[in-house]
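What follows is final-v8.cif (mmCIF, C-alpha atoms).
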data_data
loop_
_atom_site.label_atom_id
_atom_site.label_comp_id
_atom_site.auth_asym_id
_atom_site.auth_seq_id
_atom_site.Cartn_x
_atom_site.Cartn_y
_atom_site.Cartn_z
CA THR A 1 100.17 113.29 100.90
CA THR A 2 99.21 116.88 101.59
CA ILE A 3 97.26 118.80 98.96
CA GLU A 4 96.94 122.57 99.12
CA GLY A 5 93.23 123.32 99.05
CA GLY A 6 92.39 119.91 100.54
CA HIS A 7 94.50 119.35 103.65
CA ILE A 8 95.48 122.97 104.16
CA LEU A 9 93.78 126.15 102.99
CA GLU A 10 94.83 127.60 99.64
CA ASP A 11 97.03 130.66 99.39
CA MET A 12 98.82 130.17 102.71
CA PRO A 13 102.54 131.00 102.77
CA SER A 14 104.31 127.95 101.36
CA ASN A 15 106.52 127.49 104.45
CA PHE A 16 103.35 126.61 106.39
CA ILE A 17 102.25 124.16 103.70
CA ALA A 18 105.62 122.39 103.96
CA TYR A 19 105.58 122.32 107.77
CA LYS A 20 102.04 120.97 107.89
CA ALA A 21 102.87 118.25 105.35
CA MET A 22 105.72 117.09 107.58
CA ALA A 23 103.62 117.25 110.75
CA ARG A 24 100.80 115.23 109.18
CA SER A 25 103.25 112.43 108.36
CA VAL A 26 105.40 112.43 111.49
CA SER A 27 102.41 112.63 113.89
CA ASP A 28 101.36 109.15 112.76
CA ILE A 29 104.85 107.86 113.53
CA PHE A 30 104.90 109.45 117.01
CA ALA A 31 101.45 108.01 117.80
CA LYS A 32 102.85 104.52 117.20
CA ASN A 33 106.03 104.97 119.29
CA GLY A 34 108.14 105.44 116.20
CA LYS A 35 111.43 107.27 116.06
CA PRO A 36 111.90 108.88 112.64
CA ILE A 37 115.13 108.00 110.86
CA GLY A 38 114.55 110.24 107.86
CA TYR A 39 112.10 110.91 105.06
CA PHE A 40 111.66 110.94 101.31
CA LEU A 41 109.98 113.99 99.83
CA ASN A 42 108.08 114.31 96.58
CA LEU A 43 106.97 117.79 95.53
CA ILE A 44 104.51 118.48 92.73
CA LEU A 45 104.48 122.21 92.16
CA PRO A 46 102.61 124.50 89.77
CA LYS A 47 104.65 125.25 86.64
CA THR A 48 104.62 128.92 87.61
CA PHE A 49 105.73 128.32 91.24
CA GLN A 50 108.10 131.06 92.49
CA ARG A 51 108.27 130.55 96.29
CA PHE A 52 110.76 127.69 96.44
CA GLU A 53 112.97 129.24 99.17
CA GLU A 54 109.92 129.88 101.35
CA LEU A 55 108.78 126.26 100.86
CA ILE A 56 112.22 124.90 101.76
CA GLN A 57 112.24 127.07 104.90
CA GLY A 58 109.13 125.24 106.15
CA PHE A 59 110.81 121.85 105.73
CA SER A 60 113.98 123.18 107.34
CA ASN A 61 112.09 124.55 110.37
CA PHE A 62 110.36 121.20 110.92
CA ASN A 63 113.56 119.22 110.40
CA LYS A 64 115.45 121.31 112.96
CA HIS A 65 112.67 121.14 115.54
CA TYR A 66 112.09 117.36 115.30
CA GLN A 67 115.61 116.39 114.18
CA ILE A 68 114.71 114.46 111.05
CA ASP A 69 116.75 114.37 107.86
CA LEU A 70 115.76 114.45 104.22
CA LEU A 71 116.98 111.23 102.55
CA GLY A 72 115.89 111.88 98.97
CA GLY A 73 112.91 112.42 96.75
CA ASP A 74 111.77 114.03 93.56
CA THR A 75 110.31 117.27 92.25
CA SER A 76 107.83 117.63 89.44
CA THR A 77 105.43 120.23 88.06
CA HIS A 78 101.80 120.22 86.97
CA LYS A 79 99.36 122.57 85.27
CA ALA A 80 97.17 123.11 88.35
CA SER A 81 97.81 126.00 90.75
CA ASN A 82 98.12 124.04 94.00
CA ILE A 83 101.07 122.45 95.81
CA ILE A 84 101.08 118.68 96.38
CA ILE A 85 103.55 117.21 98.87
CA ALA A 86 104.08 113.49 99.50
CA VAL A 87 106.21 112.59 102.53
CA THR A 88 107.33 109.02 103.29
CA VAL A 89 108.85 108.71 106.75
CA LEU A 90 111.20 105.87 107.68
CA ALA A 91 111.11 105.06 111.38
CA GLU A 92 112.06 102.44 113.90
CA SER A 93 110.01 101.27 116.85
CA GLU A 94 110.46 98.72 119.62
CA ASN A 95 106.81 98.62 120.63
CA SER A 96 104.16 99.84 118.23
CA PRO A 97 100.74 99.29 119.82
CA LYS A 98 97.94 98.53 117.38
CA ARG A 99 94.59 100.23 117.66
CA SER A 100 92.97 96.78 117.70
CA ASP A 101 94.81 95.90 120.94
CA ALA A 102 92.55 98.18 122.99
CA LYS A 103 90.86 96.35 125.86
CA ILE A 104 87.57 96.89 127.65
CA GLY A 105 88.26 99.09 130.65
CA ASP A 106 91.25 100.89 129.11
CA GLY A 107 91.35 104.62 129.64
CA ILE A 108 91.50 106.96 126.69
CA PHE A 109 94.01 109.78 126.98
CA ILE A 110 94.59 112.72 124.69
CA THR A 111 98.10 114.17 124.70
CA LYS A 112 97.26 117.76 123.82
CA LYS A 113 94.41 120.25 123.74
CA VAL A 114 91.84 119.29 121.11
CA GLY A 115 90.25 121.91 118.87
CA GLU A 116 93.00 124.53 118.75
CA ALA A 117 93.82 123.81 115.10
CA PHE A 118 90.12 123.94 114.16
CA PHE A 119 89.77 127.32 115.86
CA GLY A 120 92.85 128.52 113.97
CA TYR A 121 91.36 127.27 110.71
CA SER A 122 88.09 129.10 111.52
CA LYS A 123 89.96 132.32 112.31
CA ILE A 124 91.79 132.20 108.98
CA LEU A 125 88.48 131.75 107.16
CA GLU A 126 87.10 134.76 109.04
CA PHE A 127 90.14 136.89 108.15
CA GLN A 128 89.78 135.86 104.49
CA LYS A 129 86.03 136.51 104.46
CA ASN A 130 86.56 140.00 105.85
CA LYS A 131 89.58 140.58 103.57
CA LYS A 132 91.82 141.28 106.55
CA THR A 133 95.48 140.43 107.04
CA ILE A 134 95.86 137.06 108.79
CA ASN A 135 97.51 137.23 112.22
CA PHE A 136 100.06 134.42 111.79
CA ASP A 137 101.27 134.98 115.39
CA ASP A 138 97.92 133.88 116.86
CA PRO A 139 98.56 130.61 118.78
CA GLN A 140 95.49 128.87 117.33
CA ILE A 141 96.40 129.87 113.79
CA GLN A 142 99.94 128.63 114.47
CA GLU A 143 98.51 125.30 115.68
CA TYR A 144 96.54 124.94 112.45
CA LEU A 145 99.46 125.85 110.20
CA CYS A 146 102.35 124.35 112.23
CA PRO A 147 100.80 121.62 114.39
CA SER A 148 102.71 120.82 117.56
CA LEU A 149 103.50 117.14 117.95
CA VAL A 150 103.71 115.12 121.16
CA GLN A 151 106.23 112.35 121.71
CA ILE A 152 105.31 109.98 124.54
CA SER A 153 108.42 108.92 126.44
CA ASP A 154 107.07 105.64 127.90
CA PHE A 155 104.82 103.33 125.89
CA SER A 156 105.23 100.37 128.29
CA LYS A 157 101.67 100.59 129.67
CA ILE A 158 99.92 101.60 126.45
CA ASN A 159 97.79 98.84 124.92
CA ALA A 160 96.62 100.75 121.85
CA SER A 161 97.32 104.08 120.20
CA MET A 162 96.37 106.21 117.24
CA ASP A 163 96.82 109.68 115.83
CA ILE A 164 93.68 111.81 115.93
CA SER A 165 93.42 113.22 112.45
CA ASP A 166 89.76 112.94 111.53
CA GLY A 167 88.37 114.59 114.65
CA ILE A 168 87.82 113.39 118.21
CA ILE A 169 84.34 111.91 117.65
CA SER A 170 85.20 110.00 114.48
CA ASP A 171 88.52 108.73 115.82
CA SER A 172 87.03 107.78 119.21
CA LYS A 173 84.60 105.53 117.38
CA LYS A 174 87.52 103.93 115.53
CA MET A 175 89.40 103.32 118.78
CA ALA A 176 86.26 101.90 120.44
#

Any chance you could put this one into structure tokens?
Amino acid sequence: TTIEGGHILEDMPSNFIAYKAMARSVSDIFAKNGKPIGYFLNLILPKTFQRFEELIQGFSNFNKHYQIDLLGGDTSTHKASNIIIAVTVLAESENSPKRSDAKIGDGIFITKKVGEAFFGYSKILEFQKNKKTINFDDPQIQEYLCPSLVQISDFSKINASMDISDGIISDSKKMA
């Protein structure tokens, strides 16, 4: 579940909210050697929501890039002003390593540069604080709003895996 104002900053263009909701769900699947089959989508939108086409564009962009299909879902409204998106991904996997299968002496590898999304988040806050127009083309801001996902092609020598979502320090402790 992705909640505007909780998992992504408020007042971002809704296409970014949709994309980030998808990335948050599919990244967990990729980290466990899963191949997405499709997803179910539940949208809870403010009663006054007007940016539906923009929201759908975010889902469409993600779906095209990662080749995943919408299988069904539901749409509802609420009195609050934020967007709530629940994504349930169906996937298949031949080998899904558990975090608990880590062994003493295993190496820990990170599949992409850590911190880019945080820097993007910080830049957006700075733009908002200074009441300036956000540069959505900035690579770090893009990484915060539209996280890039890594698919590992060979899991045969991987004992344990996990998606880093709570930060490198916190998640390293979980893996250890």

Query raised in the report: Could you pull the residues within 7 Å of range 41-43 of chain A, counting only C-alpha atoms, minus those fewer than 5 positions along the same chain, as a list in words?
Result: Gly72, Gly73, Asp74, Thr75, Ser76, Ile84, Ile85, Ala86, Val87 and Thr88 of chain A

Listing only residues of range 22-89 of chain A within 12 Å of range 101-124 of chain A, what is the closest atom pair and its distance in Å (to one decimal) for each, using all atoms listed in the file, sorted by chain and residue number ascending, as a Markdown table?
| residue | atom | partner | partner_atom | distance |
| --- | --- | --- | --- | --- |
| A:Ser27 | CA | A:Thr111 | CA | 11.7 |
| A:Phe30 | CA | A:Thr111 | CA | 11.3 |
| A:Ala31 | CA | A:Thr111 | CA | 9.8 |

Query raised in the report: Which value, in Å to one decimal, gives the distance between CA of Lys20 in chain A and CA of Thr133 in chain A?
Result: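 If I compute the distance from CA of Lys20 in chain A to CA of Thr133 in chain A, I get 20.6 Å.
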
Report task. Go through A:Arg99, A:Pro147, A:Asn130, A:Ile37 and flag the residue nearest Asp171 in chain A, using only C-alpha atoms for the distances. Result -> A:Arg99

Query raised in the report: Rounded to one decimal in Å, what is the spacing between CA of Ser165 in chain A and CA of Ile29 in chain A?
Result: 12.7 Å

Query raised in the report: Where does the PyMOL selection byres ((chain A and resi 92-97) around 10) land in this file, that is, which residues does it pick, as a VMD selection string?
Result: chain A and resid 29 to 37 90 to 91 98 to 102 155 to 162

Hey, could you patch up range 33-44 of chain A with all heavy atoms and hand it over as a short mmCIF file (atom, residue, chain, number, x, y, z; two decimals), in the coordinates of the input?
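Output file out-v5.cif is given in full below:
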data_model
loop_
_atom_site.label_atom_id
_atom_site.label_comp_id
_atom_site.auth_asym_id
_atom_site.auth_seq_id
_atom_site.Cartn_x
_atom_site.Cartn_y
_atom_site.Cartn_z
N ASN A 33 104.75 105.15 118.60
CA ASN A 33 106.03 104.97 119.29
C ASN A 33 107.20 104.86 118.32
O ASN A 33 108.18 104.20 118.60
CB ASN A 33 105.99 103.75 120.22
CG ASN A 33 107.16 103.71 121.18
OD1 ASN A 33 107.69 104.75 121.56
ND2 ASN A 33 107.57 102.52 121.56
N GLY A 34 107.06 105.47 117.18
CA GLY A 34 108.14 105.44 116.20
C GLY A 34 109.14 106.56 116.40
O GLY A 34 108.80 107.63 116.90
N LYS A 35 110.35 106.27 116.04
CA LYS A 35 111.43 107.27 116.06
C LYS A 35 111.85 107.48 114.61
O LYS A 35 112.43 106.59 114.00
CB LYS A 35 112.62 106.77 116.88
CG LYS A 35 112.28 106.24 118.25
CD LYS A 35 111.83 107.31 119.21
CE LYS A 35 111.57 106.75 120.59
NZ LYS A 35 110.19 106.60 120.94
N PRO A 36 111.55 108.64 114.04
CA PRO A 36 111.90 108.88 112.64
C PRO A 36 113.41 108.78 112.38
O PRO A 36 114.20 109.27 113.17
CB PRO A 36 111.41 110.30 112.37
CG PRO A 36 110.39 110.56 113.42
CD PRO A 36 110.84 109.78 114.62
N ILE A 37 113.74 108.12 111.30
CA ILE A 37 115.13 108.00 110.86
C ILE A 37 115.40 109.07 109.80
O ILE A 37 116.45 109.68 109.76
CB ILE A 37 115.40 106.60 110.28
CG1 ILE A 37 115.21 105.54 111.36
CG2 ILE A 37 116.77 106.51 109.64
CD1 ILE A 37 115.15 104.13 110.83
N GLY A 38 114.44 109.28 108.94
CA GLY A 38 114.55 110.24 107.86
C GLY A 38 113.30 110.15 106.99
O GLY A 38 112.38 109.39 107.28
N TYR A 39 113.29 110.93 105.91
CA TYR A 39 112.10 110.91 105.06
C TYR A 39 112.48 111.15 103.60
O TYR A 39 113.53 111.70 103.28
CB TYR A 39 111.08 111.96 105.52
CG TYR A 39 111.51 113.39 105.35
CD1 TYR A 39 111.07 114.14 104.27
CD2 TYR A 39 112.36 114.01 106.27
CE1 TYR A 39 111.47 115.46 104.11
CE2 TYR A 39 112.75 115.32 106.12
CZ TYR A 39 112.30 116.05 105.04
OH TYR A 39 112.69 117.35 104.89
N PHE A 40 111.59 110.69 102.74
CA PHE A 40 111.66 110.94 101.31
C PHE A 40 110.56 111.94 100.98
O PHE A 40 109.46 111.85 101.51
CB PHE A 40 111.47 109.65 100.51
CG PHE A 40 112.62 108.71 100.68
CD1 PHE A 40 112.60 107.75 101.68
CD2 PHE A 40 113.73 108.79 99.85
CE1 PHE A 40 113.66 106.87 101.86
CE2 PHE A 40 114.80 107.93 100.01
CZ PHE A 40 114.77 106.97 101.03
N LEU A 41 110.87 112.88 100.12
CA LEU A 41 109.98 113.99 99.83
C LEU A 41 109.72 114.07 98.33
O LEU A 41 110.66 114.10 97.54
CB LEU A 41 110.62 115.29 100.32
CG LEU A 41 109.91 116.59 100.03
CD1 LEU A 41 108.57 116.64 100.75
CD2 LEU A 41 110.79 117.76 100.46
N ASN A 42 108.46 114.10 97.97
CA ASN A 42 108.08 114.31 96.58
C ASN A 42 107.21 115.57 96.50
O ASN A 42 106.19 115.66 97.18
CB ASN A 42 107.32 113.10 96.02
CG ASN A 42 108.23 111.92 95.88
OD1 ASN A 42 109.24 112.00 95.19
ND2 ASN A 42 107.92 110.83 96.55
N LEU A 43 107.68 116.52 95.71
CA LEU A 43 106.97 117.79 95.53
C LEU A 43 106.40 117.85 94.12
O LEU A 43 107.11 117.59 93.15
CB LEU A 43 107.94 118.97 95.70
CG LEU A 43 108.63 119.13 97.03
CD1 LEU A 43 109.67 120.25 96.94
CD2 LEU A 43 107.62 119.44 98.11
N ILE A 44 105.14 118.22 94.03
CA ILE A 44 104.51 118.48 92.73
C ILE A 44 104.03 119.92 92.80
O ILE A 44 103.11 120.24 93.55
CB ILE A 44 103.36 117.50 92.45
CG1 ILE A 44 103.87 116.06 92.55
CG2 ILE A 44 102.76 117.77 91.07
CD1 ILE A 44 102.79 115.02 92.58
#
